Amino acid sequence: MEWINVKDRLPDENSAFSEFIVMIKDAKYPTLLEYQGREWWADKDGNNYAVAHWMPLPEPPETGNNNDK
């Protein structure tokens, strides 16, 4: 997966209230935030952040059988 600059593209409006991996402006590490539409990004407590880049969450691993631990 590639980082997407918010200046180039935002998630689809249908993705509002979905979580994404993001880089907050001036942050050193990525974090998980909810996209709330129209350039708004918030954490679970409702705090808003200025996001520089984002990417979708990866698909969860396939469990296959009951022997996975």
# chains A, B, ... in the order shown; residues from 1 in each chain; ligands from 1
call {"tool": "residues_around", "arguments": {"residues": "Phe20 of chain A", "least_positions_apart": "4", "cutoff": "8 Å", "atoms": "only C-alpha atoms", "output": "number ranges by chain"}}
result
A: 32-35, 54-57
call {"tool": "closest_residue", "arguments": {"among": "A:Trp41, A:Thr63, A:Ala52, A:Gln36", "to": "Ser15 of chain A", "atoms": "only C-alpha atoms"}}
result
A:Gln36
call {"tool": "atom_distance", "arguments": {"atom1": "atom CA of Lys28 of chain A", "atom2": "atom CA of Lys7 of chain A"}}
result
19.4 Å
call {"tool": "residues_around", "arguments": {"residues": "Leu10 of chain A", "least_positions_apart": "3", "cutoff": "9 Å", "atoms": "only C-alpha atoms", "output": "MDAnalysis selection string"}}
result
chainID A and resid 4:7 13 37:39 54
call {"tool": "closest_residue", "arguments": {"among": "A:Tyr29, A:Phe17, A:Pro60, A:Met23", "to": "Ala42 of chain A", "atoms": "only C-alpha atoms"}}
result
A:Phe17
call {"tool": "atom_distance", "arguments": {"atom1": "atom CA of Pro61 of chain A", "atom2": "atom CA of Met1 of chain A"}}
result
15.5 Å
call {"tool": "select_by_dssp", "arguments": {"residues": "chain A", "states": "strand (DSSP E)", "output": "MDAnalysis selection string"}}
result
chainID A and resid 4:5 18:24 31:37 40:42 48:49 51:55
call {"tool": "atom_distance", "arguments": {"atom1": "atom CA of Glu19 of chain A", "atom2": "atom CA of Pro58 of chain A"}}
result
11.0 Å
call {"tool": "closest_residue", "arguments": {"among": "A:Gly64, A:Pro11, A:Ala16, A:Ile24", "to": "Asn48 of chain A", "atoms": "only C-alpha atoms"}}
result
A:Ile24
call {"tool": "decode", "arguments": {"residues": "segment 11-56 of chain A", "atoms": "C-alpha atoms", "output": "CSV table (one decimal), in the first residue's frame"}}
result
chain,number,residue,atom,x,y,z
A,11,PRO,CA,-11.3,8.9,0.9
A,12,ASP,CA,-14.7,8.6,-0.8
A,13,GLU,CA,-17.5,10.2,1.0
A,14,ASN,CA,-19.0,6.7,1.2
A,15,SER,CA,-16.1,6.0,3.5
A,16,ALA,CA,-17.1,8.6,6.1
A,17,PHE,CA,-16.9,7.2,9.6
A,18,SER,CA,-14.4,4.5,8.5
A,19,GLU,CA,-10.9,4.2,10.0
A,20,PHE,CA,-7.7,4.7,8.2
A,21,ILE,CA,-4.0,4.7,8.9
A,22,VAL,CA,-2.8,8.3,8.9
A,23,MET,CA,0.2,10.6,9.3
A,24,ILE,CA,-0.8,13.6,11.3
A,25,LYS,CA,1.0,16.8,10.2
A,26,ASP,CA,4.4,17.0,12.0
A,27,ALA,CA,4.0,13.6,13.6
A,28,LYS,CA,6.8,11.0,13.7
A,29,TYR,CA,4.6,7.9,13.6
A,30,PRO,CA,1.4,6.8,11.9
A,31,THR,CA,-1.8,6.4,13.9
A,32,LEU,CA,-5.4,5.3,13.3
A,33,LEU,CA,-8.1,7.9,12.9
A,34,GLU,CA,-11.7,8.0,11.6
A,35,TYR,CA,-12.4,9.9,8.4
A,36,GLN,CA,-15.5,12.0,9.0
A,37,GLY,CA,-15.8,13.5,5.6
A,38,ARG,CA,-14.9,16.9,4.1
A,39,GLU,CA,-11.3,16.7,5.3
A,40,TRP,CA,-12.2,16.0,8.9
A,41,TRP,CA,-10.3,13.3,10.8
A,42,ALA,CA,-10.9,12.4,14.5
A,43,ASP,CA,-9.8,10.0,17.2
A,44,LYS,CA,-12.3,7.9,19.2
A,45,ASP,CA,-12.6,10.8,21.7
A,46,GLY,CA,-13.7,13.2,19.0
A,47,ASN,CA,-10.5,15.2,18.9
A,48,ASN,CA,-9.9,16.5,15.3
A,49,TYR,CA,-6.4,16.4,13.6
A,50,ALA,CA,-4.8,17.8,10.6
A,51,VAL,CA,-3.8,14.8,8.4
A,52,ALA,CA,-1.0,15.0,5.8
A,53,HIS,CA,-1.2,11.4,4.4
A,54,TRP,CA,-3.5,8.4,4.7
A,55,MET,CA,-3.9,4.8,3.5
A,56,PRO,CA,-6.7,2.2,3.9
